Structure formats: structure tokens, C-alpha cells
Amino acid sequence: MLASYTRSSTARPPHPKGSSMLNALKVFTTVEVGIMVGVEFAVAVILNRIFKALPGDSGQLGRAHGGRMLGAVMPFWYIGSVVLATAWAITGWGDHGAGLVVAGIALLVVSVLMSILLLVPINNRSKTWTPENRPEDWQDQSDRWDRYHYVRVAVIVAAFALLVTALV
């Protein structure tokens with residue numbers, strides 16, 4: 001009797017099949033979205049302010065380089081976050097946080113649409129600008145990109161908060 005009590009009190013409780021994989025997916029998705037939020041927040045609040053403070057044409061050249069560099073990875077990052085969160089929602093359907101995940105996905109989709117419709121067209125132009133070929137209204141276009149980007153950052157921060165809340 002004592003032996004059976006000892007064994008049962010130290011045995012792990014049974015886990016539903018696949019729960020460790022689902023937990024890994026939840027954590028990986030949340031970390032991936034969190035890093036994306038951090039990068040985009042840094043661009044909005046830190047990097048673009050640094051670029052504006054640089055003398056001469058340095059700031060515009062820095063923005064163009066950043067547009068080329070981040071423009072190459074962001075499509076995969078944004079769409080990847082939607083795919084990962086969707087996989088989480090499907091595999092975790094019925095969990096207590098499923099509704100929060102779906103709401104987070106909706107916001108991530110909004111961020112992708114904002115990117116495609118508002119930010120990417122400006123970025124595609126600005127990443128090719130040099131002091132010799134930039135248009136007269138280059139600063140206005142950069143400022144418009146910044147305003148759209150602030151809204152997009154707010155959207156992905158809200159999506160991240162929903163995913164984090166779904167974890168607890």
C-alpha cells in the first residue's frame with residue numbers, strides 16, 4: 001500500500017497527447033511575434049529619430065538602407081506570425097485562450113494588409129533613393145510612412161498582448 005501511494009504521488013499527471021508540442025508552438029509563436037514587435041518598435045521610436053538627427057543626407061541614406069535590409073525579411077516575419085498563430089488557434093481550439101489567439105490573428109492580418117497597402121509602396125520607392133535621385137517630396141513621404149508605421153506598431157503590440165494573455 002505504501003509503495004503504491006509513493007508511486008502514485010510522484011508520478012506525473014497524464015497529459016493529453018500533443019500538449020507539449022502545442023505548448024512549444026505557443027511559446028515559439030509568442031516569442032517570434034514579440035521579437036517582431038521589438039524590432040518594429042525600435043524602428044519607430046529609436047532608429048527613425050536617430051536618422052532624422054543625422055547631418056546632411058546621412059539620415060535619408062540610413063533609411064534607404066534600413067528599408068532594403070528590413071524590407072527583405074519583414075514579409076516572411078509578418079506572414080510567418082500569422083501562420084504560426086493560426087496553427088496555434090487550430091491545434092489549441094477549445095483551450096481557454098483560443099478566442100484571444102483568434103483576435104490576435106485578426107490584428108496580425110490587419111498589420112499585413114496595412115503593410116501591403118500603405119507601407120510597402122512607400123518603402124519600395126524610398127529604398128532606392130539617393131541624394132541625387134530622391135523626389136522633392138521625399139521627406140513628406142518618409143513622414144507619411146512613419147505615421148502609418150506608428151499605427152502598425154500599435155496593432156502588432158495589441159496582437160502580441162492578446163497572444164501573451166492567451167498563454168496564462
# chains A, B, ... in the order shown; residues from 1 in each chain; ligands from 1
$ residues_around --residues "A:Ile122" --least-positions-apart "6" --cutoff "8 Å" --atoms "only C-alpha atoms" --output "MDAnalysis selection string"
chainID A and resid 141:142 145
$ closest_atom_pairs --of "stretch 137-168 of chain A" --to "stretch 106-113 of chain A" --cutoff "8 Å" --atoms "only C-alpha atoms" --output "JSON lines"
{"residue": "A:Arg152", "atom": "CA", "partner": "A:Ser111", "partner_atom": "CA", "distance": 5.7}
{"residue": "A:Val155", "atom": "CA", "partner": "A:Leu107", "partner_atom": "CA", "distance": 6.1}
{"residue": "A:Ile156", "atom": "CA", "partner": "A:Leu108", "partner_atom": "CA", "distance": 6.2}
{"residue": "A:Ala158", "atom": "CA", "partner": "A:Leu107", "partner_atom": "CA", "distance": 7.5}
{"residue": "A:Ala159", "atom": "CA", "partner": "A:Leu107", "partner_atom": "CA", "distance": 5.6}
$ write_last_selection --atoms "all heavy atoms" --output "JSON list (two decimals), in the first residue's frame"
[["chain", "number", "residue", "atom", "x", "y", "z"],
["A", 152, "ARG", "N", 0.74, 50.77, -37.29],
["A", 152, "ARG", "CA", 1.02, 49.34, -37.42],
["A", 152, "ARG", "C", 1.68, 48.80, -36.15],
["A", 152, "ARG", "O", 1.36, 47.69, -35.71],
["A", 152, "ARG", "CB", 1.92, 49.08, -38.64],
["A", 152, "ARG", "CG", 2.22, 47.60, -38.84],
["A", 152, "ARG", "CD", 3.00, 47.33, -40.08],
["A", 152, "ARG", "NE", 4.31, 47.98, -40.08],
["A", 152, "ARG", "CZ", 5.20, 47.82, -41.05],
["A", 152, "ARG", "NH1", 4.91, 47.06, -42.11],
["A", 152, "ARG", "NH2", 6.36, 48.43, -40.99],
["A", 155, "VAL", "N", -0.92, 48.18, -33.62],
["A", 155, "VAL", "CA", -1.70, 46.98, -33.97],
["A", 155, "VAL", "C", -0.95, 45.71, -33.56],
["A", 155, "VAL", "O", -1.53, 44.81, -32.95],
["A", 155, "VAL", "CB", -2.06, 46.98, -35.48],
["A", 155, "VAL", "CG1", -2.61, 45.63, -35.92],
["A", 155, "VAL", "CG2", -3.05, 48.10, -35.79],
["A", 156, "ILE", "N", 0.35, 45.64, -33.87],
["A", 156, "ILE", "CA", 1.07, 44.41, -33.54],
["A", 156, "ILE", "C", 1.36, 44.31, -32.04],
["A", 156, "ILE", "O", 1.45, 43.20, -31.52],
["A", 156, "ILE", "CB", 2.34, 44.20, -34.39],
["A", 156, "ILE", "CG1", 3.37, 45.30, -34.19],
["A", 156, "ILE", "CG2", 1.97, 44.04, -35.87],
["A", 156, "ILE", "CD1", 4.70, 45.06, -34.91],
["A", 158, "ALA", "N", -0.82, 45.24, -29.79],
["A", 158, "ALA", "CA", -2.10, 44.70, -29.30],
["A", 158, "ALA", "C", -2.20, 43.21, -29.60],
["A", 158, "ALA", "O", -2.66, 42.42, -28.76],
["A", 158, "ALA", "CB", -3.27, 45.46, -29.92],
["A", 159, "ALA", "N", -1.77, 42.80, -30.79],
["A", 159, "ALA", "CA", -1.79, 41.37, -31.14],
["A", 159, "ALA", "C", -0.89, 40.58, -30.19],
["A", 159, "ALA", "O", -1.27, 39.51, -29.70],
["A", 159, "ALA", "CB", -1.35, 41.17, -32.59]]
$ closest_atom_pairs --of "stretch 120-149 of chain A" --to "stretch 70-79 of chain A" --cutoff "12 Å" --atoms "only C-alpha atoms" --output "JSON lines"
{"residue": "A:Val120", "atom": "CA", "partner": "A:Gly71", "partner_atom": "CA", "distance": 8.1}
{"residue": "A:Pro121", "atom": "CA", "partner": "A:Gly71", "partner_atom": "CA", "distance": 11.0}
{"residue": "A:Ile122", "atom": "CA", "partner": "A:Gly71", "partner_atom": "CA", "distance": 11.2}
{"residue": "A:Asn123", "atom": "CA", "partner": "A:Gly71", "partner_atom": "CA", "distance": 7.6}
{"residue": "A:Asn124", "atom": "CA", "partner": "A:Gly71", "partner_atom": "CA", "distance": 8.3}
{"residue": "A:Arg125", "atom": "CA", "partner": "A:Gly71", "partner_atom": "CA", "distance": 11.5}
{"residue": "A:Ser126", "atom": "CA", "partner": "A:Gly71", "partner_atom": "CA", "distance": 11.0}
{"residue": "A:Lys127", "atom": "CA", "partner": "A:Gly71", "partner_atom": "CA", "distance": 8.7}
{"residue": "A:Thr128", "atom": "CA", "partner": "A:Gly71", "partner_atom": "CA", "distance": 11.9}
$ write_last_selection --atoms "C-alpha atoms" --output "tab-separated table (two decimals), in the first residue's frame"
chain	number	residue	atom	x	y	z
A	120	VAL	CA	5.39	48.74	-48.77
A	121	PRO	CA	4.64	51.10	-51.68
A	122	ILE	CA	6.44	53.95	-49.91
A	123	ASN	CA	9.25	51.65	-48.78
A	124	ASN	CA	9.76	50.28	-52.30
A	125	ARG	CA	10.28	53.82	-53.56
A	126	SER	CA	12.38	55.11	-50.67
A	127	LYS	CA	14.80	52.20	-50.54
A	128	THR	CA	16.15	53.25	-53.96
$ residues_around --residues "stretch 22-39 of chain A" --least-positions-apart "3" --cutoff "7 Å" --atoms "only C-alpha atoms" --output "list of chain:residue names"
A:Gly18, A:Ser19, A:Ala42, A:Val43, A:Ser81, A:Leu84, A:Ala85, A:Trp88, A:Thr91, A:Gly92, A:Val153, A:Ile156, A:Val157, A:Phe160, A:Leu163, A:Val164
$ write_last_selection --atoms "N, CA, C and O atoms" --output "CSV table (one decimal), in the first residue's frame"
chain,number,residue,atom,x,y,z
A,18,GLY,N,0.1,15.4,-27.4
A,18,GLY,CA,0.5,16.6,-28.2
A,18,GLY,C,0.5,17.8,-27.4
A,18,GLY,O,0.8,18.9,-27.9
A,19,SER,N,0.2,17.8,-26.1
A,19,SER,CA,0.2,19.1,-25.4
A,19,SER,C,1.6,19.7,-25.3
A,19,SER,O,1.7,21.0,-25.3
A,42,ALA,N,11.5,49.5,-32.1
A,42,ALA,CA,12.8,50.2,-32.2
A,42,ALA,C,12.9,51.1,-33.4
A,42,ALA,O,13.5,52.2,-33.4
A,43,VAL,N,12.4,50.6,-34.6
A,43,VAL,CA,12.4,51.4,-35.8
A,43,VAL,C,11.6,52.7,-35.6
A,43,VAL,O,12.1,53.8,-35.9
A,81,SER,N,4.2,35.1,-38.7
A,81,SER,CA,3.5,35.2,-37.5
A,81,SER,C,2.0,34.9,-37.6
A,81,SER,O,1.4,34.2,-36.7
A,84,LEU,N,2.0,30.9,-37.9
A,84,LEU,CA,2.2,30.3,-36.5
A,84,LEU,C,1.0,30.5,-35.6
A,84,LEU,O,0.6,29.5,-34.9
A,85,ALA,N,0.4,31.7,-35.6
A,85,ALA,CA,-0.7,31.9,-34.7
A,85,ALA,C,-1.9,31.1,-35.2
A,85,ALA,O,-2.7,30.6,-34.3
A,88,TRP,N,-1.5,27.7,-34.0
A,88,TRP,CA,-1.8,27.6,-32.6
A,88,TRP,C,-3.3,27.6,-32.4
A,88,TRP,O,-3.8,26.8,-31.6
A,91,THR,N,-4.7,24.0,-33.5
A,91,THR,CA,-4.3,22.9,-32.7
A,91,THR,C,-4.8,23.1,-31.2
A,91,THR,O,-5.0,22.1,-30.5
A,92,GLY,N,-5.0,24.4,-30.8
A,92,GLY,CA,-5.4,24.6,-29.4
A,92,GLY,C,-6.9,25.0,-29.3
A,92,GLY,O,-7.3,25.5,-28.3
A,153,VAL,N,2.6,49.6,-35.6
A,153,VAL,CA,3.2,49.1,-34.3
A,153,VAL,C,2.2,48.9,-33.2
A,153,VAL,O,2.2,48.0,-32.5
A,156,ILE,N,0.3,45.6,-33.9
A,156,ILE,CA,1.1,44.4,-33.5
A,156,ILE,C,1.4,44.3,-32.0
A,156,ILE,O,1.5,43.2,-31.5
A,157,VAL,N,1.5,45.4,-31.4
A,157,VAL,CA,1.6,45.4,-29.9
A,157,VAL,C,0.3,44.8,-29.3
A,157,VAL,O,0.4,44.0,-28.4
A,160,PHE,N,0.3,41.1,-29.9
A,160,PHE,CA,1.2,40.4,-29.0
A,160,PHE,C,0.6,40.3,-27.6
A,160,PHE,O,0.7,39.3,-27.0
A,163,LEU,N,-1.8,37.5,-27.5
A,163,LEU,CA,-1.2,36.2,-27.5
A,163,LEU,C,-0.6,35.9,-26.1
A,163,LEU,O,-0.7,34.8,-25.7
A,164,VAL,N,0.1,36.9,-25.5
A,164,VAL,CA,0.6,36.7,-24.2
A,164,VAL,C,-0.5,36.3,-23.2
A,164,VAL,O,-0.4,35.4,-22.4
$ closest_residue --among "A:Leu47, A:Ala64, A:Val151, A:Ala87" --to "A:Met114" --atoms "only C-alpha atoms"
A:Val151
$ closest_residue --among "A:Val101, A:Ala154, A:Met21, A:Ile116" --to "A:Leu167" --atoms "only C-alpha atoms"
A:Val101
$ select_by_dssp --residues "stretch 33-163 of chain A" --states "helix (DSSP H, G or I)" --output "PyMOL selection string"
chain A and resi 33-53+58-91+98-126+138-163
$ atom_distance --atom1 "atom CA of A:Leu100" --atom2 "atom CA of A:Gly80"
18.2 Å
$ closest_residue --among "A:Leu117, A:Gly104, A:Ser58, A:Lys52" --to "A:Gln139" --atoms "only C-alpha atoms"
A:Lys52
$ atom_distance --atom1 "atom CA of A:Pro135" --atom2 "atom CA of A:Phe41"
27.2 Å
$ residues_around --residues "A:Leu61" --least-positions-apart "2" --cutoff "8 Å" --atoms "only C-alpha atoms" --output "PyMOL selection string"
chain A and resi 57-59+63-65+129-131
$ atom_distance --atom1 "atom CA of A:Asp143" --atom2 "atom CA of A:Ala161"
27.1 Å
